[in-house]
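J.: First the structure, which I've put down as structure tokens, then a few questions once you've had a look.
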Amino acid sequence: MSRVVIVTGAARYVGARAAEALSADPGVSRVVAMDSAPPGRSLGGAEFAAVRLHDQSVGEVVRESGADTVVHLGFAEAPSGGRRTGAAGGGNVLGTLQLLDACQRSDAVRRLVVRSSAAVYGEAHPGAPCTEDAGAREVPRSAYAQDAAEVERHTAALCRRRPDLSVAVLRFASFIGPSVESPLTRYFGLRVVPTVRGYDPRMQFIHQDDGVEAVRRMALAGPGGNGPDGVFNVAAPGSLPLSQCLRRVGRHRFALPERGLKVLRGLSRRGELDYSPEQLRLLCCDRVLDPTKLERAIGWSPSYSSQEAFESFLAAA
């Protein structure tokens with residue numbers, strides 16, 4: 001039986017690409033891509049539905065489409081300068097609440113895939129790679145990580161209310177590639193790059209194409225929408241030191257003591273720096289993900305290593 005899929009986050013690169021890929025799958029009869037802003041690229045055979053976060057339009061799309069599969073990719077990257085705006089900050093959590101409520105009320109929805117972030121693991125993970133059962137070791141301090149953790153909490157609550165739903169949460173490493181624009185790629189593009197003195201964390205990525213493919217496979221895995229359940233890390237194998245990334249980009253850097261992050265906070269609030277201290281603090285984390293659980297669940301592994309994904313970004317830049 002053909003699947004009907006809803007994809008949120010159509011205005012962003014990953015959401016648009018996922019909608020396009022799902023619409024081309026022979027097992028999918030219809031894809032409805034929704035967002036509060038129009039998409040900036042082609043959605044392939046997917047339809048676009050404009051929604052608002054402060055009315056019932058999200059629920060109306062879920063109900064009227066009759067979708068059996070919902071892919072929630074609406075959790076955007078943190079906004080530049082660390083400022084929380086409706087699309088990328090608390091408004092995205094509001095949109096998540098509306099979407100989860102619509103899924104709970106729907107008799108048709110059987111499969112839900114939710115995008116999250118490796119940032120939920122917190123800020124101090126030296127040594128062995130992070131596995132999904134480790135959870136966050138401390139409350140994340142950045143606004144972006146806090147929102148990701150809140151989205152996960154609300155998703156877990158839905159699972160308790162609707163145990164018949166098949167739900168997968170994907171914790172992504174940093175997306176990178178020729179078409180990705182994010183706080184991290186903007187960081188690599190700064191003329192003078194701030195770093196935190198005493199830290200040279202390992203950087204792990206997921207190539208844009210591999211990230212979209214992981215979403216597609218996870219959305220359609222299993223018969224009748226009964227795919228793998230739980231939390232899954234999505235990351236490419238390998239890692240690179242931040243210092244090596246900056247050398248390859250060819251940017252000058254200056255190292256600040258941790259207390260110097262307060263200076264960056266003031267500059268970012270005045271719009272004089274396109275990077276926040278909260279985002280920079282995440283670069284103090286030596287946090288590498290173990291993607292073994294995902295690979296076993298869907299029988300797939302990324303085509304690009306972290307180094308190869310970073311090289312594809314450099315080639316385009």
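Starting from 1 in every chain, residues are counted up; chains themselves are A, B, ... following the order of the structure tokens, and ligands are numbered from 1 as listed.
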Pick out the residues sitting within 12 Å of A:Val51, and hand them over as a list in words; count only C-alpha atoms, and ignore anything fewer than 2 positions along from it in its own chain.
T.: Thr8, Gly9, Ala10, Ala11, Val32, Ala33, Met34, Asp35, Ser36, Ala37, Pro38, Phe48, Ala49, Leu53, His54, Asp55, Gln56, Ser57, Val58, Gly59, Glu60, Val61, Val62, Gly95, Gln98 and Leu99 of chain A
J.: I'd like the contact shell of A:Pro228 - 12 Å cut-off, only C-alpha atoms, skipping same-chain residues fewer than 2 positions apart - returned as a list in words.
T.: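 The filter keeps Arg111, Leu112, Val113, Leu165, Ser166, Val167, Ala168, Val169, Leu170, Arg217, Met218, Ala219, Leu220, Ala221, Gly222, Pro223, Gly224, Gly225, Asn226, Gly230, Val231, Phe232, Lys293, Leu294, Glu295, Arg296, Ala297, Ile298 and Gly299 of chain A.
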J.: For N, CA and C atoms, I'd like the residues from the last selection saved as a CSV table (one decimal), in the first residue's frame.
T.:
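The resulting file, out_14.csv, is reproduced below:
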```csv
chain,number,residue,atom,x,y,z
A,111,ARG,N,3.6,6.3,11.7
A,111,ARG,CA,5.0,6.4,11.8
A,111,ARG,C,5.4,7.9,11.9
A,112,LEU,N,6.3,8.2,12.9
A,112,LEU,CA,6.8,9.6,13.1
A,112,LEU,C,8.3,9.5,13.3
A,113,VAL,N,8.9,10.4,12.5
A,113,VAL,CA,10.4,10.6,12.6
A,113,VAL,C,10.7,12.0,12.9
A,165,LEU,N,2.0,4.1,18.2
A,165,LEU,CA,2.8,4.8,17.2
A,165,LEU,C,4.2,4.3,17.1
A,166,SER,N,4.8,4.2,15.9
A,166,SER,CA,6.2,3.9,15.7
A,166,SER,C,6.9,5.2,15.6
A,167,VAL,N,7.8,5.5,16.5
A,167,VAL,CA,8.5,6.8,16.6
A,167,VAL,C,10.0,6.6,16.6
A,168,ALA,N,10.7,7.4,15.8
A,168,ALA,CA,12.2,7.4,15.8
A,168,ALA,C,12.6,8.8,15.9
A,169,VAL,N,13.6,9.1,16.8
A,169,VAL,CA,14.2,10.4,17.0
A,169,VAL,C,15.7,10.3,16.5
A,170,LEU,N,16.0,11.2,15.6
A,170,LEU,CA,17.4,11.1,14.9
A,170,LEU,C,18.2,12.3,15.5
A,217,ARG,N,15.2,6.7,4.5
A,217,ARG,CA,15.2,5.3,4.9
A,217,ARG,C,14.5,5.1,6.2
A,218,MET,N,14.7,5.9,7.2
A,218,MET,CA,14.1,5.8,8.5
A,218,MET,C,12.6,6.0,8.4
A,219,ALA,N,12.1,6.9,7.5
A,219,ALA,CA,10.7,7.2,7.4
A,219,ALA,C,10.0,6.0,6.8
A,220,LEU,N,10.6,5.3,5.8
A,220,LEU,CA,9.9,4.3,5.1
A,220,LEU,C,10.3,2.9,5.6
A,221,ALA,N,11.1,2.8,6.6
A,221,ALA,CA,11.6,1.5,7.1
A,221,ALA,C,10.4,0.7,7.7
A,222,GLY,N,10.4,-0.6,7.5
A,222,GLY,CA,9.4,-1.4,8.1
A,222,GLY,C,8.1,-1.5,7.3
A,223,PRO,N,7.4,-2.6,7.4
A,223,PRO,CA,6.1,-2.8,6.7
A,223,PRO,C,5.0,-2.0,7.4
A,224,GLY,N,4.2,-1.3,6.6
A,224,GLY,CA,3.1,-0.6,7.1
A,224,GLY,C,3.4,0.5,8.1
A,225,GLY,N,4.6,1.1,7.9
A,225,GLY,CA,5.0,2.2,8.8
A,225,GLY,C,5.5,1.7,10.2
A,226,ASN,N,5.7,0.4,10.3
A,226,ASN,CA,6.2,-0.1,11.6
A,226,ASN,C,7.7,-0.2,11.6
A,230,GLY,N,12.8,4.4,18.7
A,230,GLY,CA,13.8,4.8,19.6
A,230,GLY,C,14.6,6.0,19.2
A,231,VAL,N,15.8,6.2,19.8
A,231,VAL,CA,16.7,7.3,19.5
A,231,VAL,C,17.9,6.7,18.7
A,232,PHE,N,18.3,7.5,17.7
A,232,PHE,CA,19.4,7.0,16.8
A,232,PHE,C,20.3,8.1,16.5
A,293,LYS,N,23.9,1.9,16.2
A,293,LYS,CA,22.5,1.5,16.4
A,293,LYS,C,21.7,1.8,15.1
A,294,LEU,N,21.9,2.9,14.5
A,294,LEU,CA,21.2,3.3,13.3
A,294,LEU,C,21.6,2.3,12.1
A,295,GLU,N,22.9,2.1,12.0
A,295,GLU,CA,23.4,1.2,10.9
A,295,GLU,C,22.8,-0.2,11.0
A,296,ARG,N,22.6,-0.7,12.2
A,296,ARG,CA,22.0,-2.0,12.4
A,296,ARG,C,20.5,-2.0,12.2
A,297,ALA,N,19.9,-0.9,12.5
A,297,ALA,CA,18.4,-0.8,12.4
A,297,ALA,C,18.0,-0.8,11.0
A,298,ILE,N,18.7,-0.1,10.1
A,298,ILE,CA,18.2,0.1,8.7
A,298,ILE,C,19.1,-0.5,7.7
A,299,GLY,N,20.2,-1.1,8.2
A,299,GLY,CA,21.1,-1.8,7.2
A,299,GLY,C,21.8,-0.8,6.3
```
J.: Taking only C-alpha atoms into account, name the residue in A:Arg12, A:Arg17, A:His72, A:Arg161 that is nearest to A:Asp210.
T.: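 The closest residue to A:Asp210 is A:Arg17.
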J.: Where in stretch 116-316 of chain A does DSSP assign strand (DSSP E or B), given as a ChimeraX atom specification?
T.: /A:116-117,130,166-172,174-176,192-196,202-203,205-207,230-234,240-241,252-256,289
J.: Restricting the calculation to only C-alpha atoms: of A:Val193, A:Ala235, A:Val151, A:Ala16, which residue gets closest to A:Gly211?
T.: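 Looking only at the distances to A:Gly211, the closest residue turns out to be A:Ala235.
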J.: Give the alpha helix (DSSP H) residues of stretch 159-278 of chain A, as assigned by DSSP on the backbone, as a PyMOL selection string.
T.: chain A and resi 159-161+183-188+208-220+242-249+261-269+277-278
J.: Go ahead and save the residues from that selection, with C-alpha atoms, as a PDB file, in the first residue's frame.
T.:
```pdb
ATOM      1  CA  CYS A 159       5.026   7.915  22.858  1.00  0.00           C
ATOM      2  CA  ARG A 160       3.564   7.351  26.316  1.00  0.00           C
ATOM      3  CA  ARG A 161       0.150   8.628  25.256  1.00  0.00           C
ATOM      4  CA  PRO A 183      25.966  28.657  12.175  1.00  0.00           C
ATOM      5  CA  LEU A 184      28.887  26.238  11.821  1.00  0.00           C
ATOM      6  CA  THR A 185      29.535  26.973   8.142  1.00  0.00           C
ATOM      7  CA  ARG A 186      29.243  30.701   8.890  1.00  0.00           C
ATOM      8  CA  TYR A 187      31.736  30.213  11.721  1.00  0.00           C
ATOM      9  CA  PHE A 188      34.204  28.673   9.271  1.00  0.00           C
ATOM     10  CA  GLN A 208      24.036  16.658   3.383  1.00  0.00           C
ATOM     11  CA  ASP A 209      23.236  13.758   1.015  1.00  0.00           C
ATOM     12  CA  ASP A 210      23.757  11.136   3.707  1.00  0.00           C
ATOM     13  CA  GLY A 211      21.583  13.053   6.146  1.00  0.00           C
ATOM     14  CA  VAL A 212      18.698  13.176   3.657  1.00  0.00           C
ATOM     15  CA  GLU A 213      19.121   9.488   2.848  1.00  0.00           C
ATOM     16  CA  ALA A 214      19.030   8.570   6.538  1.00  0.00           C
ATOM     17  CA  VAL A 215      15.744  10.468   6.882  1.00  0.00           C
ATOM     18  CA  ARG A 216      14.238   8.785   3.813  1.00  0.00           C
ATOM     19  CA  ARG A 217      15.216   5.294   4.901  1.00  0.00           C
ATOM     20  CA  MET A 218      14.067   5.773   8.474  1.00  0.00           C
ATOM     21  CA  ALA A 219      10.718   7.219   7.365  1.00  0.00           C
ATOM     22  CA  LEU A 220       9.941   4.281   5.087  1.00  0.00           C
ATOM     23  CA  LEU A 242      38.917  21.796  15.015  1.00  0.00           C
ATOM     24  CA  SER A 243      42.422  23.189  14.491  1.00  0.00           C
ATOM     25  CA  GLN A 244      42.796  21.081  11.338  1.00  0.00           C
ATOM     26  CA  CYS A 245      39.436  22.278  10.017  1.00  0.00           C
ATOM     27  CA  LEU A 246      40.461  25.908  10.506  1.00  0.00           C
ATOM     28  CA  ARG A 247      43.823  25.348   8.809  1.00  0.00           C
ATOM     29  CA  ARG A 248      42.079  23.787   5.826  1.00  0.00           C
ATOM     30  CA  VAL A 249      39.623  26.693   5.626  1.00  0.00           C
ATOM     31  CA  LEU A 261      33.014  34.448  26.071  1.00  0.00           C
ATOM     32  CA  LYS A 262      31.229  37.277  27.887  1.00  0.00           C
ATOM     33  CA  VAL A 263      32.876  39.713  25.485  1.00  0.00           C
ATOM     34  CA  LEU A 264      31.512  37.749  22.536  1.00  0.00           C
ATOM     35  CA  ARG A 265      28.063  37.805  24.084  1.00  0.00           C
ATOM     36  CA  GLY A 266      28.079  41.584  24.083  1.00  0.00           C
ATOM     37  CA  LEU A 267      29.330  41.770  20.495  1.00  0.00           C
ATOM     38  CA  SER A 268      26.752  39.274  19.248  1.00  0.00           C
ATOM     39  CA  ARG A 269      23.890  41.113  20.955  1.00  0.00           C
ATOM     40  CA  PRO A 277      29.178  32.453  22.922  1.00  0.00           C
ATOM     41  CA  GLU A 278      26.623  29.669  23.411  1.00  0.00           C
TER      42      GLU A 278
END
```
J.: Could you check which of A:Tyr144, A:Phe254, A:Phe172, A:Tyr13 is closest to A:Thr195, using only C-alpha atoms?
T.: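 Distance minimum relative to A:Thr195 lands on A:Phe254.
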